[in-house]
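Data first, discussion second: the structure below is written as structure tokens.
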Amino acid sequence: NVGSWVAREAVERGAVVVAVSDVAGGVRHERGVDVARLVEGVAGGGTGPDTDQPGVGHLSNEELLESPCDVLVPAALGEVIDGENAPRVQAGVVVEAANYPVTPGGDKALADRGVEVIPDILANAGGVTGSYFEWTQNIQQFTWKEERFNEELRDRLRAAYRATIAAAEEYGCTLRQAAFAIGIKKVAEAARMRGYV
């Protein structure tokens with residue numbers, strides 16, 4: 001679910017999606033996988049490797065994680081990049097669209113090589129924030145138009161990303177460590193304000 005939307009959005013914004021996978025395995029095409037064709041095939045009951053796109057090569061999910069690309073987006077399973085396979089990841093950026101796809105050992109190996117990891121706490125924030133927006137609308141019995149919803153969401157996600165980048169620069173740490181530092185600071189501030197400490 002998440003991965004198909006990432007692929008669609010990437011193509012819409014001009015990116016070339018060179019490989020995708022699902023539970024049945026992966027496909028790769030150097031000039032780009034036809035994402036619309038793939039999504040249509042899966043919606044009809046097929047799997048990723050069933051695509052009939054000419055020139056597509058097949059690969060395992062493990063091989064996909066290590067195949068050449070600029071941005072790798074693990075979007076389904078947790079703990080798929082670990083200390084063992086992280087040294088073979090060829091992407092310059094890993095976006096954690098799944099929950100916990102990079103283990104601590106994998107995170108260290110990627111950081112040691114200079115691979116930027118957008119942590120799941122940041123990359124997945126849209127879904128949680130969107131749920132919050134829906135909750136607040138339900139309480140108020142007031143529905144936002146889709147444009148307002150998307151604009152509010154975009155503003156908050158951009159602010160969170162900028163704050164995380166700034167904290168990483170200030171503390172000289174990874175984005176994951178910066179995001180955790182921001183979270184801990186907010187919890188501590190809330191605890192003080194409520195008189196717990």
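Quick note on naming: the chains in the structure tokens go A, B, ... in the order shown, residues restart at 1 in each chain, and ligands are numbered from 1 in order of appearance.
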
Shell of 9 Å around Pro49 (chain A), only C-alpha atoms, local chain residues under 2 positions omitted, as a VMD selection string: chain A and resid 21 to 22 24 to 27 38 46 to 47 51 to 52 56 to 59

How would the residues just picked look written out with N, CA, C and O atoms as an mmCIF file, in the first residue's frame?
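Done, and the output landed in selection_33.cif:
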```cif
data_model
loop_
_atom_site.group_PDB
_atom_site.id
_atom_site.type_symbol
_atom_site.label_atom_id
_atom_site.label_comp_id
_atom_site.auth_asym_id
_atom_site.auth_seq_id
_atom_site.Cartn_x
_atom_site.Cartn_y
_atom_site.Cartn_z
ATOM 1 N N SER A 21 9.175 -4.099 -5.496
ATOM 2 C CA SER A 21 8.950 -5.488 -5.088
ATOM 3 C C SER A 21 7.700 -5.578 -4.237
ATOM 4 O O SER A 21 7.210 -4.572 -3.711
ATOM 5 N N ASP A 22 7.208 -6.787 -4.133
ATOM 6 C CA ASP A 22 6.122 -7.098 -3.211
ATOM 7 C C ASP A 22 6.430 -8.450 -2.600
ATOM 8 O O ASP A 22 7.557 -8.954 -2.720
ATOM 9 N N ALA A 24 5.896 -11.328 -3.488
ATOM 10 C CA ALA A 24 6.279 -12.372 -4.454
ATOM 11 C C ALA A 24 7.663 -12.154 -5.064
ATOM 12 O O ALA A 24 8.169 -13.023 -5.763
ATOM 13 N N GLY A 25 8.278 -11.011 -4.820
ATOM 14 C CA GLY A 25 9.589 -10.720 -5.395
ATOM 15 C C GLY A 25 9.603 -9.371 -6.060
ATOM 16 O O GLY A 25 8.651 -8.599 -5.943
ATOM 17 N N GLY A 26 10.684 -9.103 -6.784
ATOM 18 C CA GLY A 26 10.845 -7.786 -7.359
ATOM 19 C C GLY A 26 11.096 -7.785 -8.848
ATOM 20 O O GLY A 26 11.393 -8.829 -9.448
ATOM 21 N N VAL A 27 10.964 -6.597 -9.434
ATOM 22 C CA VAL A 27 11.281 -6.375 -10.840
ATOM 23 C C VAL A 27 12.136 -5.122 -10.946
ATOM 24 O O VAL A 27 12.053 -4.223 -10.118
ATOM 25 N N LEU A 38 2.076 -1.657 -13.625
ATOM 26 C CA LEU A 38 2.301 -2.575 -12.514
ATOM 27 C C LEU A 38 1.162 -2.499 -11.499
ATOM 28 O O LEU A 38 0.642 -3.524 -11.054
ATOM 29 N N GLY A 46 -2.779 -9.797 -9.748
ATOM 30 C CA GLY A 46 -1.422 -10.274 -10.002
ATOM 31 C C GLY A 46 -0.450 -9.847 -8.919
ATOM 32 O O GLY A 46 -0.822 -9.254 -7.900
ATOM 33 N N THR A 47 0.816 -10.153 -9.141
ATOM 34 C CA THR A 47 1.886 -9.714 -8.237
ATOM 35 C C THR A 47 2.883 -8.900 -9.058
ATOM 36 O O THR A 47 2.831 -8.899 -10.296
ATOM 37 N N THR A 51 4.310 -8.747 -13.974
ATOM 38 C CA THR A 51 4.176 -7.691 -14.973
ATOM 39 C C THR A 51 4.660 -8.157 -16.343
ATOM 40 O O THR A 51 5.611 -8.923 -16.453
ATOM 41 N N ASP A 52 3.971 -7.677 -17.361
ATOM 42 C CA ASP A 52 4.334 -8.057 -18.723
ATOM 43 C C ASP A 52 5.124 -6.956 -19.434
ATOM 44 O O ASP A 52 5.242 -6.950 -20.645
ATOM 45 N N VAL A 56 11.855 -5.994 -18.451
ATOM 46 C CA VAL A 56 11.914 -6.052 -16.987
ATOM 47 C C VAL A 56 12.660 -7.312 -16.560
ATOM 48 O O VAL A 56 12.393 -8.402 -17.053
ATOM 49 N N GLY A 57 13.605 -7.139 -15.644
ATOM 50 C CA GLY A 57 14.301 -8.277 -15.055
ATOM 51 C C GLY A 57 13.730 -8.575 -13.682
ATOM 52 O O GLY A 57 13.205 -7.688 -13.019
ATOM 53 N N HIS A 58 13.841 -9.827 -13.280
ATOM 54 C CA HIS A 58 13.325 -10.226 -11.976
ATOM 55 C C HIS A 58 14.460 -10.335 -10.964
ATOM 56 O O HIS A 58 15.585 -10.683 -11.317
ATOM 57 N N LEU A 59 14.152 -10.020 -9.725
ATOM 58 C CA LEU A 59 15.126 -10.131 -8.649
ATOM 59 C C LEU A 59 14.395 -10.413 -7.346
ATOM 60 O O LEU A 59 13.201 -10.163 -7.234
#
```

Distance table requested - region 4-87 of chain A against region 102-121 of chain A, cut-off 12 Å, only C-alpha atoms: one row per qualifying residue with the closest atom pair and its distance in Å to one decimal, ordered by chain and rising residue number, as a Markdown table.
```
| residue | atom | partner | partner_atom | distance |
| --- | --- | --- | --- | --- |
| A:Leu65 | CA | A:Val102 | CA | 11.3 |
| A:Asp70 | CA | A:Val115 | CA | 10.3 |
| A:Val71 | CA | A:Glu116 | CA | 9.5 |
| A:Leu72 | CA | A:Val117 | CA | 9.5 |
| A:Val73 | CA | A:Ile118 | CA | 9.6 |
| A:Pro74 | CA | A:Val102 | CA | 8.7 |
| A:Ala75 | CA | A:Asp120 | CA | 9.8 |
| A:Ala76 | CA | A:Asp120 | CA | 11.6 |
| A:Leu77 | CA | A:Val102 | CA | 9.7 |
| A:Gly78 | CA | A:Val102 | CA | 7.0 |
| A:Glu79 | CA | A:Val102 | CA | 5.2 |
| A:Val80 | CA | A:Val102 | CA | 6.2 |
| A:Ile81 | CA | A:Val102 | CA | 4.7 |
| A:Asp82 | CA | A:Gly106 | CA | 3.9 |
| A:Gly83 | CA | A:Gly106 | CA | 4.1 |
| A:Glu84 | CA | A:Gly106 | CA | 7.3 |
| A:Asn85 | CA | A:Gly106 | CA | 7.5 |
| A:Ala86 | CA | A:Gly106 | CA | 5.2 |
| A:Pro87 | CA | A:Ala109 | CA | 6.2 |
```

For the selection you just gave me, I'd like the residues written to a file as a tab-separated table (two decimals), in the first residue's frame, keeping N, CA, C and O atoms.
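So selection24.tsv came out as:
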```
chain	number	residue	atom	x	y	z
A	65	LEU	N	17.06	-4.65	-2.38
A	65	LEU	CA	17.61	-3.75	-1.36
A	65	LEU	C	19.05	-3.35	-1.67
A	65	LEU	O	19.49	-2.29	-1.27
A	70	ASP	N	19.36	5.77	-6.44
A	70	ASP	CA	19.67	6.97	-5.67
A	70	ASP	C	18.96	6.96	-4.32
A	70	ASP	O	19.53	7.33	-3.30
A	71	VAL	N	17.68	6.55	-4.34
A	71	VAL	CA	16.86	6.56	-3.13
A	71	VAL	C	16.21	5.18	-2.98
A	71	VAL	O	15.58	4.69	-3.91
A	72	LEU	N	16.37	4.59	-1.82
A	72	LEU	CA	15.76	3.30	-1.51
A	72	LEU	C	14.65	3.54	-0.49
A	72	LEU	O	14.87	4.21	0.52
A	73	VAL	N	13.45	2.99	-0.77
A	73	VAL	CA	12.31	3.22	0.11
A	73	VAL	C	11.75	1.88	0.58
A	73	VAL	O	10.84	1.32	-0.04
A	74	PRO	N	12.28	1.31	1.67
A	74	PRO	CA	11.64	0.11	2.23
A	74	PRO	C	10.29	0.52	2.81
A	74	PRO	O	10.23	1.36	3.71
A	75	ALA	N	9.21	-0.06	2.25
A	75	ALA	CA	7.88	0.45	2.56
A	75	ALA	C	6.92	-0.58	3.14
A	75	ALA	O	5.74	-0.30	3.27
A	76	ALA	N	7.40	-1.78	3.46
A	76	ALA	CA	6.45	-2.79	3.93
A	76	ALA	C	6.89	-3.46	5.23
A	76	ALA	O	6.17	-3.40	6.22
A	77	LEU	N	8.04	-4.09	5.23
A	77	LEU	CA	8.44	-4.91	6.37
A	77	LEU	C	9.48	-4.22	7.24
A	77	LEU	O	10.30	-3.44	6.75
A	78	GLY	N	9.48	-4.56	8.51
A	78	GLY	CA	10.49	-4.09	9.43
A	78	GLY	C	11.75	-4.94	9.36
A	78	GLY	O	11.73	-6.07	8.89
A	79	GLU	N	12.84	-4.35	9.80
A	79	GLU	CA	14.13	-5.03	9.96
A	79	GLU	C	14.67	-5.67	8.68
A	79	GLU	O	15.28	-6.72	8.71
A	80	VAL	N	14.45	-5.03	7.52
A	80	VAL	CA	14.95	-5.61	6.27
A	80	VAL	C	16.38	-5.16	5.94
A	80	VAL	O	17.06	-5.79	5.15
A	81	ILE	N	16.82	-4.06	6.55
A	81	ILE	CA	18.21	-3.62	6.39
A	81	ILE	C	18.86	-3.74	7.75
A	81	ILE	O	18.44	-3.10	8.72
A	82	ASP	N	19.89	-4.58	7.80
A	82	ASP	CA	20.55	-4.84	9.08
A	82	ASP	C	22.06	-4.67	8.92
A	82	ASP	O	22.55	-4.26	7.87
A	83	GLY	N	22.77	-5.00	9.96
A	83	GLY	CA	24.22	-4.85	9.93
A	83	GLY	C	24.90	-5.70	8.87
A	83	GLY	O	26.00	-5.37	8.42
A	84	GLU	N	24.25	-6.77	8.46
A	84	GLU	CA	24.84	-7.66	7.46
A	84	GLU	C	24.69	-7.13	6.04
A	84	GLU	O	25.64	-7.11	5.26
A	85	ASN	N	23.49	-6.67	5.67
A	85	ASN	CA	23.30	-6.23	4.28
A	85	ASN	C	23.47	-4.73	4.07
A	85	ASN	O	23.64	-4.28	2.94
A	86	ALA	N	23.48	-3.94	5.13
A	86	ALA	CA	23.63	-2.49	4.98
A	86	ALA	C	24.90	-2.08	4.22
A	86	ALA	O	24.84	-1.15	3.43
A	87	PRO	N	26.03	-2.78	4.42
A	87	PRO	CA	27.22	-2.39	3.64
A	87	PRO	C	27.05	-2.57	2.14
A	87	PRO	O	27.79	-1.98	1.36
```

Go ahead and compute the interatomic distance for CA of Tyr161 (chain A) and CA of Lys145 (chain A), in Å to one decimal. 24.5 Å

Distance in Å - CA of Glu9 (chain A) versus CA of Glu96 (chain A): 15.7 Å

From a backbone DSSP assignment, name each residue in region 53-182 of chain A labelled alpha helix (DSSP H), as a PyMOL selection string. chain A and resi 61-65+104-112+120-123+125-140+146-171+175-182

Residues of region 32-124 of chain A classed as strand (DSSP E) by DSSP on the backbone are to be reported as a PDB file with C-alpha atoms, in the first residue's frame.
```
ATOM      1  CA  GLY A  57      14.301  -8.277 -15.055  1.00  0.00           C
ATOM      2  CA  HIS A  58      13.325 -10.226 -11.976  1.00  0.00           C
ATOM      3  CA  LEU A  59      15.126 -10.131  -8.649  1.00  0.00           C
ATOM      4  CA  VAL A  71      16.862   6.556  -3.131  1.00  0.00           C
ATOM      5  CA  LEU A  72      15.757   3.297  -1.506  1.00  0.00           C
ATOM      6  CA  VAL A  93      19.385   7.951   0.742  1.00  0.00           C
ATOM      7  CA  VAL A  94      17.108   5.484   2.533  1.00  0.00           C
ATOM      8  CA  VAL A  95      13.561   6.629   3.310  1.00  0.00           C
ATOM      9  CA  GLU A 116      21.359   9.494   4.737  1.00  0.00           C
ATOM     10  CA  VAL A 117      18.435   7.772   6.464  1.00  0.00           C
ATOM     11  CA  ILE A 118      15.101   9.576   6.694  1.00  0.00           C
TER      12      ILE A 118
END
```

Shortest interatomic distance to Arg37 (chain A) - which of A:Cys173, A:Val23, A:Ala7, A:Ala159, counting only C-alpha atoms: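 Answer, going by the shortest atom-to-atom distance: A:Ala7.
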